[in-house]
Amino acid sequence: MKSALLILIVSICIQNTVYANQPVLEQQETTKIRSTFMMHIVNYSRWDAIGTPNKLNFCLLEKKPNKYFSLLTSPNFGARTKFDLNFRLLKDFSETETLHCHYLFVDRSSESAALYAQLNALKRNMVTIGESSEFIDHGGLMSLIEEFDKIKIYINRERYKAISVKLSSILLKFANFTG
């Protein structure tokens, strides 16, 4: 009887631990999927108008724990690109100019009115990627938004027309356009 009770208590504790960690596991999976999408965006970008640089700088503006930067720079991350990428973790948007960022990912926690103003003032070619609809509504090029357990690509049509970097039709056919 005591062993049956002990087994019951242990199984309840294990079950509670699994359910308690489920949101964390789902968040980690979403991070992996978004990161994979980012590498697909790099692979399906054409820099024809300005010539593809030998090395592309992929910059990330995110707050700690820097989950995207950590994953993208991990040797165990499976998604790769056909380009040589330098990953840069930024403290501030102003660093995009000095580091010559070709791609910029901004996590939701780094979005602000000041960032939106800087995005709208951006005059050079840079593929800007966010996580929210607010990001593309306020000057970002695209967002990878989670909807019903799927990641969807949204592209700001006006911003896309304004840059000379073009995305492959393979990527565009999966995108939703706004603006």
# chains A, B, ... in the order shown; residues from 1 in each chain; ligands from 1

call {"tool": "residues_around", "arguments": {"residues": "His102 of chain A", "least_positions_apart": "4", "cutoff": "9 Å", "atoms": "only C-alpha atoms", "output": "number ranges by chain"}}
result
A: 56-59, 96, 125-128

call {"tool": "select_by_dssp", "arguments": {"residues": "segment 9-165 of chain A", "states": "helix (DSSP H, G or I)", "output": "ChimeraX atom specification"}}
result
/A:9-43,67-72,95-98,108-110,113-121,133-137,157-162

call {"tool": "residues_around", "arguments": {"residues": "segment 161-175 of chain A", "least_positions_apart": "3", "cutoff": "6 Å", "atoms": "only C-alpha atoms", "output": "list in words"}}
result
Tyr44, Ser45, Arg46, Trp47, Asn125, Ile153, Tyr154 and Glu158 of chain A

call {"tool": "write_last_selection", "arguments": {"atoms": "all heavy atoms", "output": "mmCIF file, in the first residue's frame"}}
result
data_model
loop_
_atom_site.group_PDB
_atom_site.id
_atom_site.type_symbol
_atom_site.label_atom_id
_atom_site.label_comp_id
_atom_site.auth_asym_id
_atom_site.auth_seq_id
_atom_site.Cartn_x
_atom_site.Cartn_y
_atom_site.Cartn_z
ATOM 1 N N TYR A 44 17.057 33.589 -48.896
ATOM 2 C CA TYR A 44 16.166 33.997 -49.980
ATOM 3 C C TYR A 44 16.166 35.502 -50.222
ATOM 4 O O TYR A 44 15.230 36.040 -50.799
ATOM 5 C CB TYR A 44 14.748 33.483 -49.718
ATOM 6 C CG TYR A 44 14.667 31.971 -49.801
ATOM 7 C CD1 TYR A 44 14.334 31.213 -48.690
ATOM 8 C CD2 TYR A 44 14.959 31.314 -50.986
ATOM 9 C CE1 TYR A 44 14.275 29.832 -48.755
ATOM 10 C CE2 TYR A 44 14.905 29.937 -51.066
ATOM 11 C CZ TYR A 44 14.565 29.196 -49.948
ATOM 12 O OH TYR A 44 14.515 27.835 -50.022
ATOM 13 N N SER A 45 17.224 36.181 -49.803
ATOM 14 C CA SER A 45 17.391 37.607 -50.084
ATOM 15 C C SER A 45 18.329 37.770 -51.270
ATOM 16 O O SER A 45 19.314 37.052 -51.402
ATOM 17 C CB SER A 45 18.010 38.332 -48.884
ATOM 18 O OG SER A 45 17.184 38.230 -47.758
ATOM 19 N N ARG A 46 18.010 38.741 -52.118
ATOM 20 C CA ARG A 46 18.866 39.058 -53.270
ATOM 21 C C ARG A 46 19.349 40.490 -53.123
ATOM 22 O O ARG A 46 18.558 41.416 -53.082
ATOM 23 C CB ARG A 46 18.079 38.884 -54.570
ATOM 24 C CG ARG A 46 17.695 37.452 -54.835
ATOM 25 C CD ARG A 46 17.101 37.253 -56.222
ATOM 26 N NE ARG A 46 16.196 38.311 -56.624
ATOM 27 C CZ ARG A 46 14.871 38.236 -56.584
ATOM 28 N NH1 ARG A 46 14.285 37.144 -56.154
ATOM 29 N NH2 ARG A 46 14.116 39.250 -56.963
ATOM 30 N N TRP A 47 20.649 40.632 -53.083
ATOM 31 C CA TRP A 47 21.284 41.939 -52.945
ATOM 32 C C TRP A 47 21.777 42.416 -54.308
ATOM 33 O O TRP A 47 22.767 43.118 -54.409
ATOM 34 C CB TRP A 47 22.450 41.857 -51.961
ATOM 35 C CG TRP A 47 22.021 41.543 -50.562
ATOM 36 C CD1 TRP A 47 21.711 40.321 -50.046
ATOM 37 C CD2 TRP A 47 21.825 42.472 -49.505
ATOM 38 N NE1 TRP A 47 21.333 40.430 -48.741
ATOM 39 C CE2 TRP A 47 21.402 41.749 -48.380
ATOM 40 C CE3 TRP A 47 21.971 43.855 -49.399
ATOM 41 C CZ2 TRP A 47 21.122 42.356 -47.157
ATOM 42 C CZ3 TRP A 47 21.703 44.453 -48.185
ATOM 43 C CH2 TRP A 47 21.280 43.708 -47.081
ATOM 44 N N ASN A 125 19.854 50.372 -47.062
ATOM 45 C CA ASN A 125 19.298 49.034 -47.214
ATOM 46 C C ASN A 125 19.626 48.176 -46.007
ATOM 47 O O ASN A 125 20.795 47.956 -45.700
ATOM 48 C CB ASN A 125 19.859 48.363 -48.469
ATOM 49 C CG ASN A 125 19.262 48.927 -49.708
ATOM 50 O OD1 ASN A 125 18.046 49.004 -49.822
ATOM 51 N ND2 ASN A 125 20.097 49.338 -50.643
ATOM 52 N N ILE A 153 4.796 35.039 -41.669
ATOM 53 C CA ILE A 153 5.622 36.154 -42.125
ATOM 54 C C ILE A 153 4.710 37.285 -42.580
ATOM 55 O O ILE A 153 3.831 37.078 -43.419
ATOM 56 C CB ILE A 153 6.521 35.732 -43.302
ATOM 57 C CG1 ILE A 153 7.398 34.546 -42.914
ATOM 58 C CG2 ILE A 153 7.367 36.911 -43.780
ATOM 59 C CD1 ILE A 153 8.126 33.921 -44.092
ATOM 60 N N TYR A 154 4.948 38.469 -42.031
ATOM 61 C CA TYR A 154 4.239 39.672 -42.461
ATOM 62 C C TYR A 154 5.267 40.653 -42.990
ATOM 63 O O TYR A 154 6.310 40.859 -42.368
ATOM 64 C CB TYR A 154 3.451 40.297 -41.301
ATOM 65 C CG TYR A 154 2.205 39.532 -40.976
ATOM 66 C CD1 TYR A 154 2.230 38.432 -40.126
ATOM 67 C CD2 TYR A 154 0.986 39.893 -41.542
ATOM 68 C CE1 TYR A 154 1.087 37.712 -39.833
ATOM 69 C CE2 TYR A 154 -0.173 39.185 -41.251
ATOM 70 C CZ TYR A 154 -0.106 38.092 -40.407
ATOM 71 O OH TYR A 154 -1.244 37.388 -40.138
ATOM 72 N N GLU A 158 5.060 48.916 -48.260
ATOM 73 C CA GLU A 158 5.706 50.196 -48.575
ATOM 74 C C GLU A 158 7.196 50.161 -48.278
ATOM 75 O O GLU A 158 8.008 50.646 -49.055
ATOM 76 C CB GLU A 158 5.032 51.339 -47.802
ATOM 77 C CG GLU A 158 3.575 51.552 -48.181
ATOM 78 C CD GLU A 158 3.388 51.780 -49.674
ATOM 79 O OE1 GLU A 158 4.151 52.560 -50.281
ATOM 80 O OE2 GLU A 158 2.462 51.165 -50.251
#

call {"tool": "atom_distance", "arguments": {"atom1": "atom CA of Phe69 of chain A", "atom2": "atom CA of Asp137 of chain A"}}
result
24.4 Å

call {"tool": "residues_around", "arguments": {"residues": "Asp92 of chain A", "least_positions_apart": "6", "cutoff": "12 Å", "atoms": "only C-alpha atoms", "output": "list in words"}}
result
Cys59, Leu60, Leu61, Glu62, Lys63, Thr98, Leu99, Leu104, Val106, Ser110, Glu111, Ser112, Ala114, Leu115 and Gln118 of chain A

call {"tool": "residues_around", "arguments": {"residues": "Arg108 of chain A", "least_positions_apart": "6", "cutoff": "7 Å", "atoms": "only C-alpha atoms", "output": "list in words"}}
result
Gly130, Glu131 and Ser132 of chain A

call {"tool": "write_last_selection", "arguments": {"atoms": "C-alpha atoms", "output": "compact mmCIF listing (two decimals), in the first residue's frame"}}
result
# COMPACT_ATOMS: atom_id res chain seq x y z
CA GLY A 130 10.62 41.90 -35.68
CA GLU A 131 8.26 39.75 -33.64
CA SER A 132 5.14 41.88 -33.52

call {"tool": "closest_residue", "arguments": {"among": "A:Lys64, A:Asn76, A:Phe37, A:Leu71", "to": "Lys91 of chain A", "atoms": "only C-alpha atoms"}}
result
A:Lys64

call {"tool": "closest_residue", "arguments": {"among": "A:Val42, A:Ile129, A:Met142, A:Ile33", "to": "Phe83 of chain A", "atoms": "only C-alpha atoms"}}
result
A:Val42

call {"tool": "select_by_dssp", "arguments": {"residues": "segment 69-134 of chain A", "states": "strand (DSSP E)", "output": "ChimeraX atom specification"}}
result
/A:84-89,103-106,127-130

call {"tool": "residues_around", "arguments": {"residues": "Ser133 of chain A", "least_positions_apart": "6", "cutoff": "12 Å", "atoms": "only C-alpha atoms", "output": "list in words"}}
result
Asp107, Arg108, Glu111, Gly139, Gly140, Leu141, Met142, Ser143, Leu144, Ile145, Glu146, Glu147, Lys152, Ile153, Tyr154, Ile155, Asn156, Asn176, Phe177, Thr178 and Gly179 of chain A
